[in-house]
Amino acid sequence: MMRAWRVEAHGEPRDVLRLVDVDCPAPGPGQVLVRALAVAANFPDVLLARGEYQVRPALPFVPGIELCGEVVATGDGVGHLVPGQRVVGSRIGVLAEYAVLDAALVFPAPEQLSDAEAAALYIGHQTGHFGLHRRARIQPGETLLVHAAAGGVGTAAVQLGKAAGAQVIGVVGNAAKVEVARAAGADVVVDRSAEDFVEAVGEATGGRGADVVYDPVGGDSFDRSTRCVAFEGRIVVVGFAGGVIQTMRPSHALLKNYAVLGLYWGLYAERRPDLVAATHRELTRLAAEGLVRPVVRQVVPFEQAADAIQQLADGTTVGRVVIAVA
């Protein structure tokens, strides 16, 4: 038996998550059993609890989408992982003491990162790297505008933008978050509660606008970004953490010659695991060189996982929140 957090009905995380005892899983062919050391909380965990995520597992189910752990056992056909190895991996259902993962999407944890940092590297930095490099094709010297730049996804994009040689403008929700975005590497930080980021982008770029916009917020953040995106700029739509899914105006994109690019990282994990593996190798290199490091601001005990995910739902977190399991 093992302990696992389980969503038993759809609703707010604190109301619907229950800590229960369940059978410990066993790996099948091409799978690996991992003992969880740390699980990073993500906004998709909120959406999963509410029943609003792209994927809707049948109730009851275990949430959690990324972890750092230790290999316990491997199934048939797995030759690149061995018991005792520290690894990172992703799939829905890892908020438990043990998890079975597809071995093709399990990778060695970067040695330079702690368990909590390694757990937080996978989704946020993979998403950021795919968004900036695969989708937006960011170039050195370009200007990158990052929304929610003090959050987990945002700080990852800031770090990766700087590593790519871009000028980075970060937008945060209040004054308390300014230093977090600046510490992550943002050259300019805009507190949207006190400043207009459209004007700030114009000032920072001499009126040219942002070449790439990285938007995990949606709603008004997207709408106003269309006012400060550069000629031939690219807006990468990562999510709708603001709670509003905007309506895009194709006519405006036509008049200003900008592109709107969707990014659902899970589709790459499903269809192009080779690209996910290559990106992990690149992120491991960047971590070894000190260019990326997940901004873990809070580590909570396993027993407080429901409260930690509720903090994400309430929008009160800064950086990454990680749940210590072992």
# chains A, B, ... in the order shown; residues from 1 in each chain; ligands from 1

call {"tool": "select_by_dssp", "arguments": {"residues": "stretch 163-326 of chain A", "states": "helix (DSSP H, G or I)", "output": "PyMOL selection string"}}
result
chain A and resi 163+175-184+197-204+220-225+250-256+265-271+273-288+302-314

call {"tool": "residues_around", "arguments": {"residues": "A:Gly11", "least_positions_apart": "2", "cutoff": "7 Å", "atoms": "only C-alpha atoms", "output": "PyMOL selection string"}}
result
chain A and resi 9+13+15-16+49-50

call {"tool": "residues_around", "arguments": {"residues": "stretch 69-81 of chain A", "least_positions_apart": "2", "cutoff": "8 Å", "atoms": "only C-alpha atoms", "output": "MDAnalysis selection string"}}
result
chainID A and resid 27:38 67 83:88 103 115

call {"tool": "select_by_dssp", "arguments": {"residues": "stretch 29-223 of chain A", "states": "strand (DSSP E)", "output": "MDAnalysis selection string"}}
result
chainID A and resid 31:40 66:74 86:90 98:102 106:108 143:146 167:172 188:191 210:215

call {"tool": "atom_distance", "arguments": {"atom1": "atom CA of A:His133", "atom2": "atom CA of A:Arg297"}}
result
26.5 Å

call {"tool": "residues_around", "arguments": {"residues": "A:His280", "least_positions_apart": "2", "cutoff": "9 Å", "atoms": "only C-alpha atoms", "output": "list of chain:residue names"}}
result
A:Phe107, A:Tyr122, A:His125, A:Gln126, A:Leu275, A:Val276, A:Ala277, A:Ala278, A:Glu282, A:Leu283, A:Thr284, A:Arg285

call {"tool": "write_last_selection", "arguments": {"atoms": "all heavy atoms", "output": "mmCIF file, in the first residue's frame"}}
result
data_model
loop_
_atom_site.group_PDB
_atom_site.id
_atom_site.type_symbol
_atom_site.label_atom_id
_atom_site.label_comp_id
_atom_site.auth_asym_id
_atom_site.auth_seq_id
_atom_site.Cartn_x
_atom_site.Cartn_y
_atom_site.Cartn_z
ATOM 1 N N PHE A 107 13.882 10.863 -17.398
ATOM 2 C CA PHE A 107 15.256 11.253 -17.704
ATOM 3 C C PHE A 107 16.074 11.436 -16.426
ATOM 4 O O PHE A 107 15.502 11.707 -15.359
ATOM 5 C CB PHE A 107 15.269 12.571 -18.495
ATOM 6 C CG PHE A 107 14.366 12.574 -19.688
ATOM 7 C CD1 PHE A 107 13.203 13.323 -19.694
ATOM 8 C CD2 PHE A 107 14.670 11.815 -20.811
ATOM 9 C CE1 PHE A 107 12.360 13.332 -20.796
ATOM 10 C CE2 PHE A 107 13.843 11.810 -21.921
ATOM 11 C CZ PHE A 107 12.679 12.565 -21.908
ATOM 12 N N TYR A 122 10.904 20.072 -15.099
ATOM 13 C CA TYR A 122 10.397 19.339 -16.250
ATOM 14 C C TYR A 122 9.362 20.142 -17.050
ATOM 15 O O TYR A 122 9.611 20.530 -18.193
ATOM 16 C CB TYR A 122 9.805 18.014 -15.768
ATOM 17 C CG TYR A 122 9.703 16.928 -16.819
ATOM 18 C CD1 TYR A 122 10.373 15.730 -16.661
ATOM 19 C CD2 TYR A 122 8.929 17.089 -17.943
ATOM 20 C CE1 TYR A 122 10.278 14.713 -17.599
ATOM 21 C CE2 TYR A 122 8.823 16.094 -18.894
ATOM 22 C CZ TYR A 122 9.500 14.897 -18.724
ATOM 23 O OH TYR A 122 9.394 13.904 -19.654
ATOM 24 N N HIS A 125 10.106 24.402 -17.654
ATOM 25 C CA HIS A 125 11.217 24.714 -18.544
ATOM 26 C C HIS A 125 11.076 24.019 -19.898
ATOM 27 O O HIS A 125 11.497 24.570 -20.921
ATOM 28 C CB HIS A 125 12.549 24.373 -17.869
ATOM 29 C CG HIS A 125 12.981 25.392 -16.850
ATOM 30 N ND1 HIS A 125 12.396 25.488 -15.608
ATOM 31 C CD2 HIS A 125 13.916 26.375 -16.905
ATOM 32 C CE1 HIS A 125 12.961 26.478 -14.938
ATOM 33 N NE2 HIS A 125 13.881 27.031 -15.694
ATOM 34 N N GLN A 126 10.502 22.828 -19.926
ATOM 35 C CA GLN A 126 10.214 22.205 -21.219
ATOM 36 C C GLN A 126 9.235 23.081 -22.009
ATOM 37 O O GLN A 126 9.436 23.358 -23.203
ATOM 38 C CB GLN A 126 9.613 20.810 -21.012
ATOM 39 C CG GLN A 126 10.618 19.722 -20.679
ATOM 40 C CD GLN A 126 11.109 18.981 -21.913
ATOM 41 O OE1 GLN A 126 10.552 19.092 -23.000
ATOM 42 N NE2 GLN A 126 12.177 18.211 -21.745
ATOM 43 N N LEU A 275 11.772 14.882 -29.357
ATOM 44 C CA LEU A 275 12.050 16.301 -29.121
ATOM 45 C C LEU A 275 12.073 16.612 -27.626
ATOM 46 O O LEU A 275 12.859 17.448 -27.174
ATOM 47 C CB LEU A 275 11.001 17.167 -29.818
ATOM 48 C CG LEU A 275 10.990 17.126 -31.347
ATOM 49 C CD1 LEU A 275 9.863 18.006 -31.893
ATOM 50 C CD2 LEU A 275 12.332 17.572 -31.915
ATOM 51 N N VAL A 276 11.228 15.937 -26.867
ATOM 52 C CA VAL A 276 11.231 16.122 -25.409
ATOM 53 C C VAL A 276 12.569 15.667 -24.830
ATOM 54 O O VAL A 276 13.166 16.351 -23.981
ATOM 55 C CB VAL A 276 10.070 15.344 -24.763
ATOM 56 C CG1 VAL A 276 10.146 15.420 -23.246
ATOM 57 C CG2 VAL A 276 8.722 15.889 -25.252
ATOM 58 N N ALA A 277 13.088 14.532 -25.310
ATOM 59 C CA ALA A 277 14.375 14.028 -24.834
ATOM 60 C C ALA A 277 15.510 14.986 -25.198
ATOM 61 O O ALA A 277 16.393 15.269 -24.379
ATOM 62 C CB ALA A 277 14.644 12.642 -25.420
ATOM 63 N N ALA A 278 15.474 15.504 -26.420
ATOM 64 C CA ALA A 278 16.512 16.442 -26.848
ATOM 65 C C ALA A 278 16.462 17.725 -26.027
ATOM 66 O O ALA A 278 17.505 18.290 -25.660
ATOM 67 C CB ALA A 278 16.359 16.749 -28.337
ATOM 68 N N GLU A 282 19.270 19.566 -23.462
ATOM 69 C CA GLU A 282 19.645 20.978 -23.524
ATOM 70 C C GLU A 282 19.417 21.663 -22.180
ATOM 71 O O GLU A 282 20.258 22.458 -21.731
ATOM 72 C CB GLU A 282 18.846 21.675 -24.628
ATOM 73 C CG GLU A 282 19.052 23.173 -24.725
ATOM 74 C CD GLU A 282 20.472 23.584 -25.094
ATOM 75 O OE1 GLU A 282 21.296 22.702 -25.421
ATOM 76 O OE2 GLU A 282 20.764 24.792 -25.034
ATOM 77 N N LEU A 283 18.322 21.364 -21.522
ATOM 78 C CA LEU A 283 18.063 21.958 -20.207
ATOM 79 C C LEU A 283 19.089 21.492 -19.184
ATOM 80 O O LEU A 283 19.505 22.270 -18.313
ATOM 81 C CB LEU A 283 16.655 21.603 -19.740
ATOM 82 C CG LEU A 283 15.502 22.229 -20.526
ATOM 83 C CD1 LEU A 283 14.162 21.687 -20.038
ATOM 84 C CD2 LEU A 283 15.532 23.753 -20.419
ATOM 85 N N THR A 284 19.520 20.243 -19.279
ATOM 86 C CA THR A 284 20.555 19.735 -18.379
ATOM 87 C C THR A 284 21.855 20.497 -18.589
ATOM 88 O O THR A 284 22.556 20.854 -17.625
ATOM 89 C CB THR A 284 20.771 18.229 -18.615
ATOM 90 O OG1 THR A 284 19.548 17.529 -18.324
ATOM 91 C CG2 THR A 284 21.874 17.680 -17.719
ATOM 92 N N ARG A 285 22.184 20.777 -19.859
ATOM 93 C CA ARG A 285 23.387 21.568 -20.160
ATOM 94 C C ARG A 285 23.260 22.977 -19.578
ATOM 95 O O ARG A 285 24.204 23.501 -18.950
ATOM 96 C CB ARG A 285 23.602 21.644 -21.667
ATOM 97 C CG ARG A 285 24.845 22.442 -22.071
ATOM 98 C CD ARG A 285 24.928 22.653 -23.571
ATOM 99 N NE ARG A 285 23.909 23.564 -24.061
ATOM 100 C CZ ARG A 285 24.007 24.897 -23.993
ATOM 101 N NH1 ARG A 285 25.069 25.466 -23.422
ATOM 102 N NH2 ARG A 285 23.044 25.657 -24.474
#

call {"tool": "closest_residue", "arguments": {"among": "A:Val55, A:Val229, A:Val321, A:Leu48", "to": "A:Tyr264", "atoms": "only C-alpha atoms"}}
result
A:Val55

call {"tool": "atom_distance", "arguments": {"atom1": "atom CA of A:Pro250", "atom2": "atom CA of A:Gly262"}}
result
14.2 Å

call {"tool": "closest_residue", "arguments": {"among": "A:Leu286, A:Val292, A:Val94, A:Ala40", "to": "A:Ala157", "atoms": "only C-alpha atoms"}}
result
A:Val292

call {"tool": "residues_around", "arguments": {"residues": "A:Ala306", "least_positions_apart": "6", "cutoff": "8 Å", "atoms": "only C-alpha atoms", "output": "PyMOL selection string"}}
result
chain A and resi 13-14+17-18

call {"tool": "closest_residue", "arguments": {"among": "A:Thr279, A:Gln112, A:Gln167, A:Ser221", "to": "A:Gly239", "atoms": "only C-alpha atoms"}}
result
A:Ser221

call {"tool": "atom_distance", "arguments": {"atom1": "atom CA of A:Ala175", "atom2": "atom CA of A:Ser193"}}
result
7.9 Å

call {"tool": "closest_residue", "arguments": {"among": "A:Pro301, A:Pro44, A:Gly218, A:Pro294", "to": "A:Val238", "atoms": "only C-alpha atoms"}}
result
A:Gly218

call {"tool": "residues_around", "arguments": {"residues": "A:Arg320", "least_positions_apart": "2", "cutoff": "8 Å", "atoms": "only C-alpha atoms", "output": "PDB file with all heavy atoms, in the first residue's frame"}}
result
ATOM      1  N   ALA A  40       6.267  18.740  -8.056  1.00  0.00           N
ATOM      2  CA  ALA A  40       6.023  20.166  -8.251  1.00  0.00           C
ATOM      3  C   ALA A  40       4.539  20.403  -8.510  1.00  0.00           C
ATOM      4  O   ALA A  40       3.911  19.692  -9.296  1.00  0.00           O
ATOM      5  CB  ALA A  40       6.857  20.685  -9.417  1.00  0.00           C
ATOM      6  N   ALA A  41       3.972  21.386  -7.818  1.00  0.00           N
ATOM      7  CA  ALA A  41       2.584  21.766  -8.055  1.00  0.00           C
ATOM      8  C   ALA A  41       2.513  22.637  -9.301  1.00  0.00           C
ATOM      9  O   ALA A  41       3.388  23.473  -9.544  1.00  0.00           O
ATOM     10  CB  ALA A  41       2.030  22.521  -6.851  1.00  0.00           C
ATOM     11  N   ALA A 120      10.723  20.612 -10.341  1.00  0.00           N
ATOM     12  CA  ALA A 120      10.116  21.786 -10.964  1.00  0.00           C
ATOM     13  C   ALA A 120      10.709  22.121 -12.328  1.00  0.00           C
ATOM     14  O   ALA A 120      10.256  23.059 -12.983  1.00  0.00           O
ATOM     15  CB  ALA A 120      10.263  22.988 -10.030  1.00  0.00           C
ATOM     16  N   GLY A 151       5.869  33.940 -11.648  1.00  0.00           N
ATOM     17  CA  GLY A 151       5.328  32.617 -11.395  1.00  0.00           C
ATOM     18  C   GLY A 151       6.267  31.531 -11.874  1.00  0.00           C
ATOM     19  O   GLY A 151       7.345  31.801 -12.424  1.00  0.00           O
ATOM     20  N   GLY A 152       5.856  30.277 -11.690  1.00  0.00           N
ATOM     21  CA  GLY A 152       6.717  29.165 -12.079  1.00  0.00           C
ATOM     22  C   GLY A 152       6.983  29.113 -13.567  1.00  0.00           C
ATOM     23  O   GLY A 152       8.136  29.000 -14.010  1.00  0.00           O
ATOM     24  N   PRO A 294      15.194  26.314 -11.587  1.00  0.00           N
ATOM     25  CA  PRO A 294      13.831  26.601 -11.152  1.00  0.00           C
ATOM     26  C   PRO A 294      13.802  27.431  -9.876  1.00  0.00           C
ATOM     27  O   PRO A 294      14.548  27.171  -8.926  1.00  0.00           O
ATOM     28  CB  PRO A 294      13.235  25.208 -10.929  1.00  0.00           C
ATOM     29  CG  PRO A 294      13.991  24.337 -11.880  1.00  0.00           C
ATOM     30  CD  PRO A 294      15.392  24.869 -11.865  1.00  0.00           C
ATOM     31  N   VAL A 295      12.932  28.438  -9.877  1.00  0.00           N
ATOM     32  CA  VAL A 295      12.812  29.334  -8.725  1.00  0.00           C
ATOM     33  C   VAL A 295      11.828  28.711  -7.737  1.00  0.00           C
ATOM     34  O   VAL A 295      10.624  28.965  -7.786  1.00  0.00           O
ATOM     35  CB  VAL A 295      12.346  30.733  -9.169  1.00  0.00           C
ATOM     36  CG1 VAL A 295      12.223  31.661  -7.958  1.00  0.00           C
ATOM     37  CG2 VAL A 295      13.321  31.311 -10.185  1.00  0.00           C
ATOM     38  N   VAL A 296      12.342  27.871  -6.855  1.00  0.00           N
ATOM     39  CA  VAL A 296      11.513  27.203  -5.845  1.00  0.00           C
ATOM     40  C   VAL A 296      11.442  28.099  -4.620  1.00  0.00           C
ATOM     41  O   VAL A 296      12.436  28.313  -3.942  1.00  0.00           O
ATOM     42  CB  VAL A 296      12.071  25.818  -5.479  1.00  0.00           C
ATOM     43  CG1 VAL A 296      11.237  25.187  -4.368  1.00  0.00           C
ATOM     44  CG2 VAL A 296      12.099  24.912  -6.707  1.00  0.00           C
ATOM     45  N   ARG A 297      10.255  28.635  -4.351  1.00  0.00           N
ATOM     46  CA  ARG A 297      10.094  29.557  -3.230  1.00  0.00           C
ATOM     47  C   ARG A 297       9.413  28.931  -2.024  1.00  0.00           C
ATOM     48  O   ARG A 297       9.391  29.511  -0.947  1.00  0.00           O
ATOM     49  CB  ARG A 297       9.285  30.785  -3.693  1.00  0.00           C
ATOM     50  CG  ARG A 297       9.993  31.637  -4.736  1.00  0.00           C
ATOM     51  CD  ARG A 297      11.247  32.262  -4.182  1.00  0.00           C
ATOM     52  NE  ARG A 297      10.955  33.213  -3.132  1.00  0.00           N
ATOM     53  CZ  ARG A 297      10.810  34.517  -3.320  1.00  0.00           C
ATOM     54  NH1 ARG A 297      10.955  35.031  -4.526  1.00  0.00           N
ATOM     55  NH2 ARG A 297      10.537  35.320  -2.315  1.00  0.00           N
ATOM     56  N   GLN A 298       8.847  27.730  -2.221  1.00  0.00           N
ATOM     57  CA  GLN A 298       8.137  27.102  -1.112  1.00  0.00           C
ATOM     58  C   GLN A 298       8.167  25.587  -1.277  1.00  0.00           C
ATOM     59  O   GLN A 298       7.850  25.067  -2.347  1.00  0.00           O
ATOM     60  CB  GLN A 298       6.683  27.597  -1.090  1.00  0.00           C
ATOM     61  CG  GLN A 298       5.903  27.203   0.147  1.00  0.00           C
ATOM     62  CD  GLN A 298       4.503  27.792   0.129  1.00  0.00           C
ATOM     63  OE1 GLN A 298       4.133  28.508  -0.791  1.00  0.00           O
ATOM     64  NE2 GLN A 298       3.718  27.489   1.130  1.00  0.00           N
ATOM     65  N   THR A 317       0.802  32.469  -5.128  1.00  0.00           N
ATOM     66  CA  THR A 317       2.155  31.903  -5.112  1.00  0.00           C
ATOM     67  C   THR A 317       3.139  32.775  -5.887  1.00  0.00           C
ATOM     68  O   THR A 317       2.761  33.538  -6.777  1.00  0.00           O
ATOM     69  CB  THR A 317       2.165  30.493  -5.710  1.00  0.00           C
ATOM     70  OG1 THR A 317       1.715  30.556  -7.076  1.00  0.00           O
ATOM     71  CG2 THR A 317       1.261  29.568  -4.930  1.00  0.00           C
ATOM     72  N   VAL A 318       4.395  32.619  -5.529  1.00  0.00           N
ATOM     73  CA  VAL A 318       5.503  33.251  -6.247  1.00  0.00           C
ATOM     74  C   VAL A 318       6.518  32.159  -6.557  1.00  0.00           C
ATOM     75  O   VAL A 318       6.854  31.350  -5.682  1.00  0.00           O
ATOM     76  CB  VAL A 318       6.155  34.362  -5.395  1.00  0.00           C
ATOM     77  CG1 VAL A 318       7.384  34.917  -6.113  1.00  0.00           C
ATOM     78  CG2 VAL A 318       5.155  35.481  -5.127  1.00  0.00           C
ATOM     79  N   VAL A 322       6.688  23.319  -4.343  1.00  0.00           N
ATOM     80  CA  VAL A 322       7.023  21.907  -4.487  1.00  0.00           C
ATOM     81  C   VAL A 322       6.582  21.154  -3.242  1.00  0.00           C
ATOM     82  O   VAL A 322       6.727  21.640  -2.114  1.00  0.00           O
ATOM     83  CB  VAL A 322       8.533  21.714  -4.732  1.00  0.00           C
ATOM     84  CG1 VAL A 322       8.891  20.232  -4.787  1.00  0.00           C
ATOM     85  CG2 VAL A 322       8.953  22.409  -6.021  1.00  0.00           C
TER      86      VAL A 322
END

call {"tool": "closest_residue", "arguments": {"among": "A:His129, A:Arg192, A:Arg234, A:Val146", "to": "A:Ala164", "atoms": "only C-alpha atoms"}}
result
A:His129
